[in-house]
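Student: Could you have a look at this structure, given as structure tokens, before my questions?
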Amino acid sequence: MSLVDRKRGRPEGHRVLDDKREEIIRTTINRHYLTRNRPTVSQLVRDVQTNCISAGLKRPHRRTIKARLEEIELQRRAKRRGETEIVKQTQAVPGVFAASRPLQVVQVDHTKADIFVVDEETRQPIGRPWLTLAMDVCSRMVTGFYLTMDAPSRLSTRGVAP
């Protein structure tokens with residue numbers, strides 16, 4: 001466990017603001033920003049801070065408000081704003097991606113292995129290897145793999161051989 005990287009700082013999704021300020025941010029975003037005639041981010045920040053001050057609360061920082069905006073998923077944001085092109089681009093296309101015979105379509109995927117490679121002599125961690133898998137869409141069989149310490153690239157994809 002001593003070799004596992006630990007992310008510093010607060011855990012992901014951790015909130016520092018109290019519930020009242022979070023609610024003010026959420027309602028202001030829903031009422032003003034997620035509309036067809038949305039204000040700029042600067043105007044939204046001013047509105048949220050003004051609402052917090054009028055409620056007798058400490059005003060949140062601009063980065064906090066922008067972080068809440070970035071948490072809203074793109075499709076929901078586009079639907080509320082009436083941006084039809086973005087809605088079309090983010091929706092799944094009806095139909096099924098399938099192959100009628102083996103090896104007609106082979107999909108390649110890369111993943112970082114959940115293991116650390118250490119130096120043989122010093123026992124110092126070298127890094128985590130990348131695993132590249134090639135899978136046949138028709139049979140769902142693994143047709144090849146490639147294990148390397150290098151990040152995914154054209155070469156690692158080419159190296160996958162059945």
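The way I read the labels, and the way they are meant: chains A, B, ... in the order of the structure tokens, residue 1 as the first residue of every chain, and ligand 1 as the first ligand shown, with later ones counted on from there.
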What lies within 8 Å of Gln107 (chain A) using only C-alpha atoms, ignoring chain neighbours under 6 positions off, as a ChimeraX atom specification?
Tutor: /A:134-137
Student: Please produce an output containing C-alpha atoms for each residue in the selection, written as a tab-separated table (two decimals), in the first residue's frame.
Tutor:
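And here's selection-v8.tsv as it stands now:
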chain	number	residue	atom	x	y	z
A	134	ALA	CA	-8.24	-6.18	-29.25
A	135	MET	CA	-11.73	-7.70	-29.13
A	136	ASP	CA	-13.82	-9.19	-31.90
A	137	VAL	CA	-17.28	-7.57	-31.91
Student: From a DSSP pass on the backbone, collect the residues of chain A flagged as alpha helix (DSSP H) and hand them back as a short mmCIF file (atom, residue, chain, number, x, y, z; two decimals) with all heavy atoms, in the first residue's frame.
Tutor:
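So the final result, stored in part-v5.cif, reads:
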data_model
loop_
_atom_site.label_atom_id
_atom_site.label_comp_id
_atom_site.auth_asym_id
_atom_site.auth_seq_id
_atom_site.Cartn_x
_atom_site.Cartn_y
_atom_site.Cartn_z
N ASP A 19 -25.49 24.04 3.42
CA ASP A 19 -26.64 23.70 2.57
C ASP A 19 -27.40 24.94 2.07
O ASP A 19 -27.91 24.93 0.96
CB ASP A 19 -27.61 22.79 3.33
CG ASP A 19 -27.00 21.42 3.58
OD1 ASP A 19 -26.08 21.04 2.83
OD2 ASP A 19 -27.45 20.73 4.52
N LYS A 20 -27.46 25.99 2.87
CA LYS A 20 -28.20 27.19 2.47
C LYS A 20 -27.54 27.85 1.25
O LYS A 20 -28.22 28.23 0.30
CB LYS A 20 -28.29 28.19 3.62
CG LYS A 20 -29.17 27.71 4.76
CD LYS A 20 -29.17 28.70 5.89
CE LYS A 20 -30.00 28.18 7.06
NZ LYS A 20 -29.95 29.09 8.20
N ARG A 21 -26.22 27.99 1.30
CA ARG A 21 -25.53 28.60 0.16
C ARG A 21 -25.58 27.70 -1.08
O ARG A 21 -25.71 28.18 -2.19
CB ARG A 21 -24.09 28.93 0.53
CG ARG A 21 -24.01 30.11 1.48
CD ARG A 21 -22.61 30.62 1.64
NE ARG A 21 -21.80 29.64 2.38
CZ ARG A 21 -20.50 29.77 2.57
NH1 ARG A 21 -19.85 30.81 2.09
NH2 ARG A 21 -19.82 28.87 3.25
N GLU A 22 -25.48 26.39 -0.87
CA GLU A 22 -25.60 25.45 -2.00
C GLU A 22 -26.97 25.59 -2.66
O GLU A 22 -27.08 25.57 -3.88
CB GLU A 22 -25.39 24.00 -1.54
CG GLU A 22 -23.97 23.64 -1.22
CD GLU A 22 -23.08 23.49 -2.43
OE1 GLU A 22 -23.57 23.47 -3.58
OE2 GLU A 22 -21.86 23.42 -2.23
N GLU A 23 -28.01 25.74 -1.84
CA GLU A 23 -29.37 25.89 -2.37
C GLU A 23 -29.51 27.20 -3.14
O GLU A 23 -30.14 27.24 -4.20
CB GLU A 23 -30.39 25.82 -1.23
CG GLU A 23 -31.82 25.92 -1.69
CD GLU A 23 -32.23 24.78 -2.62
OE1 GLU A 23 -31.69 23.67 -2.49
OE2 GLU A 23 -33.09 25.03 -3.51
N ILE A 24 -28.92 28.28 -2.64
CA ILE A 24 -28.97 29.56 -3.35
C ILE A 24 -28.28 29.44 -4.70
O ILE A 24 -28.78 29.91 -5.72
CB ILE A 24 -28.35 30.69 -2.49
CG1 ILE A 24 -29.28 31.00 -1.31
CG2 ILE A 24 -28.10 31.94 -3.32
CD1 ILE A 24 -28.69 31.97 -0.31
N ILE A 25 -27.11 28.80 -4.72
CA ILE A 25 -26.40 28.62 -6.00
C ILE A 25 -27.24 27.80 -6.96
O ILE A 25 -27.40 28.15 -8.13
CB ILE A 25 -25.02 27.94 -5.74
CG1 ILE A 25 -24.10 28.87 -4.97
CG2 ILE A 25 -24.39 27.52 -7.06
CD1 ILE A 25 -22.81 28.21 -4.51
N ARG A 26 -27.81 26.70 -6.46
CA ARG A 26 -28.61 25.81 -7.32
C ARG A 26 -29.83 26.52 -7.89
O ARG A 26 -30.11 26.44 -9.09
CB ARG A 26 -29.01 24.57 -6.52
CG ARG A 26 -29.55 23.44 -7.33
CD ARG A 26 -29.76 22.14 -6.55
NE ARG A 26 -29.94 22.23 -5.12
CZ ARG A 26 -28.99 21.98 -4.22
NH1 ARG A 26 -27.78 21.65 -4.61
NH2 ARG A 26 -29.23 22.08 -2.92
N THR A 27 -30.57 27.24 -7.04
CA THR A 27 -31.78 27.91 -7.53
C THR A 27 -31.44 29.06 -8.48
O THR A 27 -32.15 29.27 -9.47
CB THR A 27 -32.64 28.44 -6.37
OG1 THR A 27 -31.84 29.29 -5.55
CG2 THR A 27 -33.22 27.32 -5.56
N THR A 28 -30.38 29.79 -8.21
CA THR A 28 -30.00 30.89 -9.11
C THR A 28 -29.58 30.35 -10.47
O THR A 28 -29.95 30.92 -11.50
CB THR A 28 -28.85 31.73 -8.49
OG1 THR A 28 -29.23 32.13 -7.18
CG2 THR A 28 -28.57 32.95 -9.33
N VAL A 41 -21.42 34.34 -17.21
CA VAL A 41 -20.99 33.73 -15.95
C VAL A 41 -20.70 34.81 -14.91
O VAL A 41 -21.04 34.64 -13.73
CB VAL A 41 -19.75 32.84 -16.19
CG1 VAL A 41 -19.21 32.28 -14.88
CG2 VAL A 41 -20.07 31.70 -17.15
N SER A 42 -20.13 35.93 -15.34
CA SER A 42 -19.85 37.02 -14.40
C SER A 42 -21.14 37.56 -13.78
O SER A 42 -21.21 37.83 -12.57
CB SER A 42 -19.12 38.16 -15.11
OG SER A 42 -17.90 37.71 -15.59
N GLN A 43 -22.18 37.72 -14.59
CA GLN A 43 -23.46 38.20 -14.07
C GLN A 43 -24.08 37.18 -13.12
O GLN A 43 -24.63 37.53 -12.09
CB GLN A 43 -24.44 38.50 -15.22
CG GLN A 43 -25.78 39.03 -14.77
CD GLN A 43 -25.66 40.35 -14.03
OE1 GLN A 43 -24.92 41.23 -14.42
NE2 GLN A 43 -26.38 40.47 -12.92
N LEU A 44 -23.96 35.88 -13.46
CA LEU A 44 -24.47 34.83 -12.59
C LEU A 44 -23.75 34.86 -11.24
O LEU A 44 -24.38 34.75 -10.19
CB LEU A 44 -24.30 33.46 -13.25
CG LEU A 44 -24.71 32.27 -12.39
CD1 LEU A 44 -26.21 32.23 -12.24
CD2 LEU A 44 -24.19 30.98 -12.97
N VAL A 45 -22.45 35.03 -11.27
CA VAL A 45 -21.66 35.10 -10.03
C VAL A 45 -22.14 36.27 -9.18
O VAL A 45 -22.33 36.13 -7.96
CB VAL A 45 -20.15 35.21 -10.34
CG1 VAL A 45 -19.36 35.56 -9.10
CG2 VAL A 45 -19.64 33.92 -10.96
N ARG A 46 -22.34 37.43 -9.82
CA ARG A 46 -22.83 38.60 -9.07
C ARG A 46 -24.21 38.32 -8.47
O ARG A 46 -24.47 38.69 -7.32
CB ARG A 46 -22.87 39.82 -9.98
CG ARG A 46 -21.51 40.45 -10.20
CD ARG A 46 -21.61 41.82 -10.85
NE ARG A 46 -22.18 41.79 -12.19
CZ ARG A 46 -21.49 41.59 -13.31
NH1 ARG A 46 -20.18 41.41 -13.24
NH2 ARG A 46 -22.08 41.59 -14.48
N ASP A 47 -25.10 37.68 -9.24
CA ASP A 47 -26.44 37.36 -8.74
C ASP A 47 -26.38 36.42 -7.53
O ASP A 47 -27.07 36.63 -6.53
CB ASP A 47 -27.29 36.73 -9.84
CG ASP A 47 -27.67 37.72 -10.93
OD1 ASP A 47 -27.51 38.94 -10.72
OD2 ASP A 47 -28.12 37.25 -12.01
N VAL A 48 -25.56 35.39 -7.62
CA VAL A 48 -25.44 34.43 -6.51
C VAL A 48 -24.88 35.13 -5.29
O VAL A 48 -25.40 34.96 -4.17
CB VAL A 48 -24.56 33.23 -6.92
CG1 VAL A 48 -24.20 32.39 -5.70
CG2 VAL A 48 -25.24 32.38 -7.97
N GLN A 49 -23.84 35.92 -5.48
CA GLN A 49 -23.23 36.61 -4.34
C GLN A 49 -24.19 37.61 -3.71
O GLN A 49 -24.26 37.74 -2.49
CB GLN A 49 -21.92 37.27 -4.77
CG GLN A 49 -20.84 36.25 -5.08
CD GLN A 49 -19.56 36.86 -5.60
OE1 GLN A 49 -19.53 38.03 -5.99
NE2 GLN A 49 -18.51 36.08 -5.60
N THR A 50 -24.96 38.31 -4.53
CA THR A 50 -25.96 39.25 -4.02
C THR A 50 -27.04 38.52 -3.23
O THR A 50 -27.44 38.97 -2.15
CB THR A 50 -26.61 40.04 -5.18
OG1 THR A 50 -25.59 40.70 -5.90
CG2 THR A 50 -27.61 41.05 -4.67
N ASN A 51 -27.51 37.38 -3.76
CA ASN A 51 -28.53 36.59 -3.05
C ASN A 51 -28.01 36.08 -1.72
O ASN A 51 -28.76 36.04 -0.73
CB ASN A 51 -29.00 35.42 -3.91
CG ASN A 51 -29.80 35.88 -5.12
OD1 ASN A 51 -30.29 37.00 -5.17
ND2 ASN A 51 -29.93 35.01 -6.11
N CYS A 52 -26.75 35.68 -1.67
CA CYS A 52 -26.16 35.19 -0.41
C CYS A 52 -26.04 36.32 0.61
O CYS A 52 -26.36 36.14 1.79
CB CYS A 52 -24.80 34.56 -0.66
SG CYS A 52 -24.90 32.93 -1.43
N ILE A 53 -25.60 37.49 0.16
CA ILE A 53 -25.45 38.62 1.07
C ILE A 53 -26.81 39.05 1.61
O ILE A 53 -26.96 39.34 2.80
CB ILE A 53 -24.73 39.79 0.36
CG1 ILE A 53 -23.26 39.41 0.12
CG2 ILE A 53 -24.82 41.07 1.16
CD1 ILE A 53 -22.51 40.37 -0.76
N SER A 54 -27.83 39.09 0.74
CA SER A 54 -29.16 39.49 1.19
C SER A 54 -29.76 38.47 2.16
O SER A 54 -30.61 38.81 2.97
CB SER A 54 -30.09 39.71 0.00
OG SER A 54 -30.29 38.51 -0.69
N ARG A 62 -16.03 32.84 -6.81
CA ARG A 62 -16.35 32.65 -8.23
C ARG A 62 -16.02 31.23 -8.70
O ARG A 62 -16.79 30.63 -9.44
CB ARG A 62 -15.56 33.68 -9.04
CG ARG A 62 -15.71 33.54 -10.53
CD ARG A 62 -14.79 34.51 -11.27
NE ARG A 62 -14.98 34.41 -12.70
CZ ARG A 62 -15.92 35.04 -13.37
NH1 ARG A 62 -16.79 35.81 -12.74
NH2 ARG A 62 -16.02 34.88 -14.67
N ARG A 63 -14.89 30.68 -8.27
CA ARG A 63 -14.50 29.33 -8.70
C ARG A 63 -15.49 28.29 -8.22
O ARG A 63 -15.73 27.29 -8.89
CB ARG A 63 -13.09 29.00 -8.19
CG ARG A 63 -12.01 29.70 -8.96
CD ARG A 63 -10.67 29.18 -8.53
NE ARG A 63 -10.50 29.27 -7.09
CZ ARG A 63 -9.52 29.89 -6.47
NH1 ARG A 63 -8.59 30.50 -7.17
NH2 ARG A 63 -9.44 29.91 -5.16
N THR A 64 -16.07 28.50 -7.04
CA THR A 64 -17.06 27.57 -6.51
C THR A 64 -18.29 27.55 -7.40
O THR A 64 -18.81 26.48 -7.73
CB THR A 64 -17.46 27.97 -5.07
OG1 THR A 64 -16.29 28.04 -4.27
CG2 THR A 64 -18.44 26.99 -4.49
N ILE A 65 -18.73 28.71 -7.81
CA ILE A 65 -19.93 28.81 -8.66
C ILE A 65 -19.64 28.21 -10.03
O ILE A 65 -20.47 27.47 -10.58
CB ILE A 65 -20.39 30.28 -8.76
CG1 ILE A 65 -20.75 30.80 -7.36
CG2 ILE A 65 -21.57 30.42 -9.71
CD1 ILE A 65 -20.93 32.29 -7.27
N LYS A 66 -18.46 28.49 -10.59
CA LYS A 66 -18.10 27.91 -11.88
C LYS A 66 -18.00 26.39 -11.79
O LYS A 66 -18.35 25.67 -12.73
CB LYS A 66 -16.78 28.50 -12.38
CG LYS A 66 -16.94 29.90 -12.93
CD LYS A 66 -15.67 30.39 -13.55
CE LYS A 66 -15.53 29.74 -14.91
NZ LYS A 66 -14.47 30.30 -15.72
N ALA A 67 -17.53 25.88 -10.65
CA ALA A 67 -17.44 24.42 -10.47
C ALA A 67 -18.83 23.80 -10.47
O ALA A 67 -19.03 22.71 -11.04
CB ALA A 67 -16.72 24.09 -9.17
N ARG A 68 -19.80 24.49 -9.87
CA ARG A 68 -21.18 23.96 -9.88
C ARG A 68 -21.76 23.98 -11.30
O ARG A 68 -22.52 23.09 -11.67
CB ARG A 68 -22.08 24.77 -8.95
CG ARG A 68 -21.68 24.80 -7.50
CD ARG A 68 -21.44 23.43 -6.91
NE ARG A 68 -21.15 23.48 -5.49
CZ ARG A 68 -19.93 23.54 -4.97
NH1 ARG A 68 -18.88 23.57 -5.76
NH2 ARG A 68 -19.75 23.57 -3.66
N LEU A 69 -21.38 24.98 -12.09
CA LEU A 69 -21.84 25.03 -13.49
C LEU A 69 -21.25 23.87 -14.29
O LEU A 69 -21.93 23.26 -15.11
CB LEU A 69 -21.42 26.35 -14.14
CG LEU A 69 -22.22 27.58 -13.80
CD1 LEU A 69 -21.62 28.79 -14.48
CD2 LEU A 69 -23.66 27.41 -14.18
N GLU A 70 -19.98 23.56 -14.06
CA GLU A 70 -19.33 22.49 -14.80
C GLU A 70 -19.85 21.12 -14.43
O GLU A 70 -19.71 20.17 -15.20
CB GLU A 70 -17.82 22.56 -14.58
CG GLU A 70 -17.20 23.78 -15.23
CD GLU A 70 -15.77 24.02 -14.80
OE1 GLU A 70 -15.22 23.20 -14.04
OE2 GLU A 70 -15.21 25.04 -15.22
N GLU A 71 -20.48 20.99 -13.26
CA GLU A 71 -21.04 19.71 -12.84
C GLU A 71 -22.33 19.38 -13.58
O GLU A 71 -22.74 18.22 -13.63
CB GLU A 71 -21.32 19.71 -11.34
CG GLU A 71 -20.07 19.68 -10.50
CD GLU A 71 -20.36 19.82 -9.02
OE1 GLU A 71 -21.54 19.99 -8.64
OE2 GLU A 71 -19.40 19.78 -8.24
N LEU A 74 -23.85 18.15 -19.92
CA LEU A 74 -23.98 18.94 -21.14
C LEU A 74 -25.37 18.80 -21.77
O LEU A 74 -25.95 19.78 -22.21
CB LEU A 74 -22.90 18.52 -22.14
CG LEU A 74 -22.87 19.27 -23.46
CD1 LEU A 74 -22.59 20.74 -23.23
CD2 LEU A 74 -21.82 18.66 -24.37
N GLN A 75 -25.90 17.59 -21.80
CA GLN A 75 -27.20 17.38 -22.44
C GLN A 75 -28.32 18.11 -21.69
O GLN A 75 -29.17 18.74 -22.30
CB GLN A 75 -27.51 15.89 -22.55
CG GLN A 75 -28.71 15.62 -23.42
CD GLN A 75 -28.88 14.14 -23.67
OE1 GLN A 75 -28.34 13.31 -22.97
NE2 GLN A 75 -29.64 13.81 -24.69
N ARG A 76 -28.31 18.04 -20.36
CA ARG A 76 -29.33 18.74 -19.57
C ARG A 76 -29.23 20.24 -19.77
O ARG A 76 -30.24 20.94 -19.95
CB ARG A 76 -29.16 18.40 -18.10
CG ARG A 76 -30.15 19.13 -17.22
CD ARG A 76 -30.04 18.70 -15.77
NE ARG A 76 -30.87 19.57 -14.95
CZ ARG A 76 -30.40 20.42 -14.06
NH1 ARG A 76 -29.11 20.51 -13.85
NH2 ARG A 76 -31.20 21.19 -13.37
N ARG A 77 -28.00 20.76 -19.77
CA ARG A 77 -27.79 22.19 -19.96
C ARG A 77 -28.30 22.63 -21.33
O ARG A 77 -28.97 23.65 -21.46
CB ARG A 77 -26.29 22.48 -19.84
CG ARG A 77 -25.96 23.93 -19.84
CD ARG A 77 -24.50 24.22 -19.72
NE ARG A 77 -23.75 23.17 -19.06
CZ ARG A 77 -22.43 23.10 -19.03
NH1 ARG A 77 -21.72 24.02 -19.62
NH2 ARG A 77 -21.81 22.13 -18.41
N ALA A 78 -28.00 21.85 -22.36
CA ALA A 78 -28.43 22.20 -23.72
C ALA A 78 -29.94 22.14 -23.87
O ALA A 78 -30.54 22.98 -24.55
CB ALA A 78 -27.76 21.26 -24.72
N LYS A 79 -30.59 21.16 -23.24
CA LYS A 79 -32.06 21.07 -23.32
C LYS A 79 -32.71 22.28 -22.67
O LYS A 79 -33.66 22.85 -23.21
CB LYS A 79 -32.55 19.80 -22.62
CG LYS A 79 -32.45 18.56 -23.46
CD LYS A 79 -33.02 17.38 -22.72
CE LYS A 79 -32.87 16.12 -23.51
NZ LYS A 79 -33.37 14.94 -22.79
N ARG A 80 -32.23 22.67 -21.49
CA ARG A 80 -32.82 23.80 -20.78
C ARG A 80 -32.61 25.11 -21.52
O ARG A 80 -33.42 26.02 -21.45
CB ARG A 80 -32.22 23.92 -19.38
CG ARG A 80 -32.58 22.78 -18.43
CD ARG A 80 -33.96 22.94 -17.81
NE ARG A 80 -34.19 24.18 -17.15
CZ ARG A 80 -33.99 24.44 -15.87
NH1 ARG A 80 -33.51 23.50 -15.09
NH2 ARG A 80 -34.26 25.62 -15.37
N ARG A 81 -31.50 25.23 -22.25
CA ARG A 81 -31.19 26.46 -22.98
C ARG A 81 -31.81 26.48 -24.37
O ARG A 81 -31.80 27.51 -25.03
CB ARG A 81 -29.69 26.61 -23.14
CG ARG A 81 -28.96 26.90 -21.89
CD ARG A 81 -27.51 27.03 -22.23
NE ARG A 81 -26.68 27.23 -21.07
CZ ARG A 81 -25.37 27.19 -21.09
NH1 ARG A 81 -24.74 26.96 -22.21
NH2 ARG A 81 -24.67 27.37 -20.01
N THR A 84 -30.56 23.04 -29.68
CA THR A 84 -30.93 21.77 -30.31
C THR A 84 -29.75 21.05 -30.94
O THR A 84 -29.72 19.82 -30.96
CB THR A 84 -32.03 22.00 -31.36
OG1 THR A 84 -31.56 22.97 -32.30
CG2 THR A 84 -33.31 22.50 -30.73
N GLU A 85 -28.79 21.77 -31.48
CA GLU A 85 -27.64 21.13 -32.12
C GLU A 85 -26.82 20.33 -31.10
O GLU A 85 -26.40 19.22 -31.39
CB GLU A 85 -26.75 22.16 -32.82
CG GLU A 85 -27.28 22.63 -34.14
CD GLU A 85 -27.46 21.49 -35.14
OE1 GLU A 85 -26.54 20.65 -35.28
OE2 GLU A 85 -28.54 21.43 -35.76
N ILE A 86 -26.61 20.90 -29.94
CA ILE A 86 -25.84 20.19 -28.90
C ILE A 86 -26.62 18.98 -28.40
O ILE A 86 -26.05 17.92 -28.15
CB ILE A 86 -25.48 21.14 -27.75
CG1 ILE A 86 -24.53 22.22 -28.26
CG2 ILE A 86 -24.85 20.39 -26.59
CD1 ILE A 86 -24.18 23.28 -27.26
N VAL A 87 -27.96 19.12 -28.28
CA VAL A 87 -28.78 17.99 -27.85
C VAL A 87 -28.66 16.85 -28.86
O VAL A 87 -28.49 15.69 -28.48
CB VAL A 87 -30.26 18.42 -27.69
CG1 VAL A 87 -31.15 17.23 -27.44
CG2 VAL A 87 -30.39 19.43 -26.56
N LYS A 88 -28.69 17.18 -30.14
CA LYS A 88 -28.56 16.14 -31.18
C LYS A 88 -27.20 15.46 -31.11
O LYS A 88 -27.09 14.25 -31.27
CB LYS A 88 -28.74 16.75 -32.57
CG LYS A 88 -30.16 17.09 -32.91
CD LYS A 88 -30.23 17.69 -34.30
CE LYS A 88 -31.60 18.20 -34.62
NZ LYS A 88 -31.64 18.87 -35.94
N GLN A 89 -26.16 16.24 -30.86
CA GLN A 89 -24.80 15.68 -30.82
C GLN A 89 -24.56 14.81 -29.59
O GLN A 89 -23.71 13.92 -29.63
CB GLN A 89 -23.77 16.80 -30.85
CG GLN A 89 -23.73 17.54 -32.16
CD GLN A 89 -22.82 18.76 -32.11
OE1 GLN A 89 -22.22 19.05 -31.08
NE2 GLN A 89 -22.74 19.47 -33.21
N THR A 90 -25.30 15.04 -28.50
CA THR A 90 -25.07 14.27 -27.28
C THR A 90 -26.01 13.10 -27.11
O THR A 90 -25.84 12.33 -26.16
CB THR A 90 -25.18 15.19 -26.05
OG1 THR A 90 -26.47 15.81 -26.05
CG2 THR A 90 -24.11 16.24 -26.04
N ARG A 154 -0.06 4.83 -31.59
CA ARG A 154 -0.20 4.05 -32.81
C ARG A 154 0.58 2.75 -32.73
O ARG A 154 0.14 1.71 -33.20
CB ARG A 154 0.35 4.86 -33.99
CG ARG A 154 -0.65 5.47 -34.85
CD ARG A 154 0.00 6.07 -36.07
NE ARG A 154 1.47 6.10 -35.98
CZ ARG A 154 2.23 7.02 -36.51
NH1 ARG A 154 1.69 7.99 -37.16
NH2 ARG A 154 3.53 6.98 -36.39
N LEU A 155 1.77 2.82 -32.13
CA LEU A 155 2.62 1.64 -32.05
C LEU A 155 2.03 0.55 -31.17
O LEU A 155 2.10 -0.63 -31.50
CB LEU A 155 4.01 2.04 -31.55
CG LEU A 155 4.77 3.01 -32.44
CD1 LEU A 155 6.08 3.42 -31.77
CD2 LEU A 155 5.03 2.40 -33.79
N SER A 156 1.43 0.92 -30.04
CA SER A 156 0.84 -0.10 -29.17
C SER A 156 -0.39 -0.72 -29.83
O SER A 156 -0.67 -1.89 -29.62
CB SER A 156 0.51 0.48 -27.81
OG SER A 156 -0.46 1.49 -27.90
N THR A 157 -1.11 0.06 -30.61
CA THR A 157 -2.26 -0.50 -31.33
C THR A 157 -1.80 -1.43 -32.42
O THR A 157 -2.37 -2.49 -32.64
CB THR A 157 -3.12 0.63 -31.91
OG1 THR A 157 -3.47 1.53 -30.87
CG2 THR A 157 -4.37 0.08 -32.57
N ARG A 158 -0.73 -1.08 -33.10
CA ARG A 158 -0.17 -1.92 -34.14
C ARG A 158 0.40 -3.19 -33.57
O ARG A 158 0.38 -4.25 -34.20
CB ARG A 158 0.90 -1.16 -34.91
CG ARG A 158 1.40 -1.89 -36.14
CD ARG A 158 2.55 -1.18 -36.74
NE ARG A 158 3.68 -1.29 -35.80
CZ ARG A 158 4.86 -0.74 -36.01
NH1 ARG A 158 5.07 0.00 -37.04
NH2 ARG A 158 5.81 -0.91 -35.13
#
Student: Out of A:Asp114, A:Asp109, A:Asp119, A:Asp5, which residue has the shortest atom-to-atom distance to Val142 (chain A) when counting only C-alpha atoms?
Tutor: A:Asp109
Student: I'd like the contact shell of region 149-153 of chain A - 8 Å cut-off, only C-alpha atoms, skipping same-chain residues fewer than 2 positions apart - returned as a PyMOL selection string.
Tutor: chain A and resi 110+127-130+132+147+155-157
Student: Tell me, as a ChimeraX atom specification, which residues lie within 8 Å of Ala98 (chain A), counting only C-alpha atoms; anything in the same chain fewer than 2 positions away does not count.
Tutor: /A:96,100,137-138
Student: I need the strand (DSSP E or B) residues of chain A per DSSP on the backbone, written as a list in words.
Tutor: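 Filtering chain A down to strand (DSSP E or B) leaves Val106, Gln107, Val108, Asp109, His110, Thr111, Lys112, Val117, Val118, Pro125, Ile126, Gly127, Trp130, Leu131, Thr132, Leu133, Ala134, Met135, Asp136, Val142, Thr143, Gly144, Phe145, Tyr146, Leu147, Thr148 and Ala161 of chain A.
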Student: Please measure the separation of CA of Val108 (chain A) and CA of Ser139 (chain A), giving the value in Å to one decimal.
Tutor: 14.4 Å
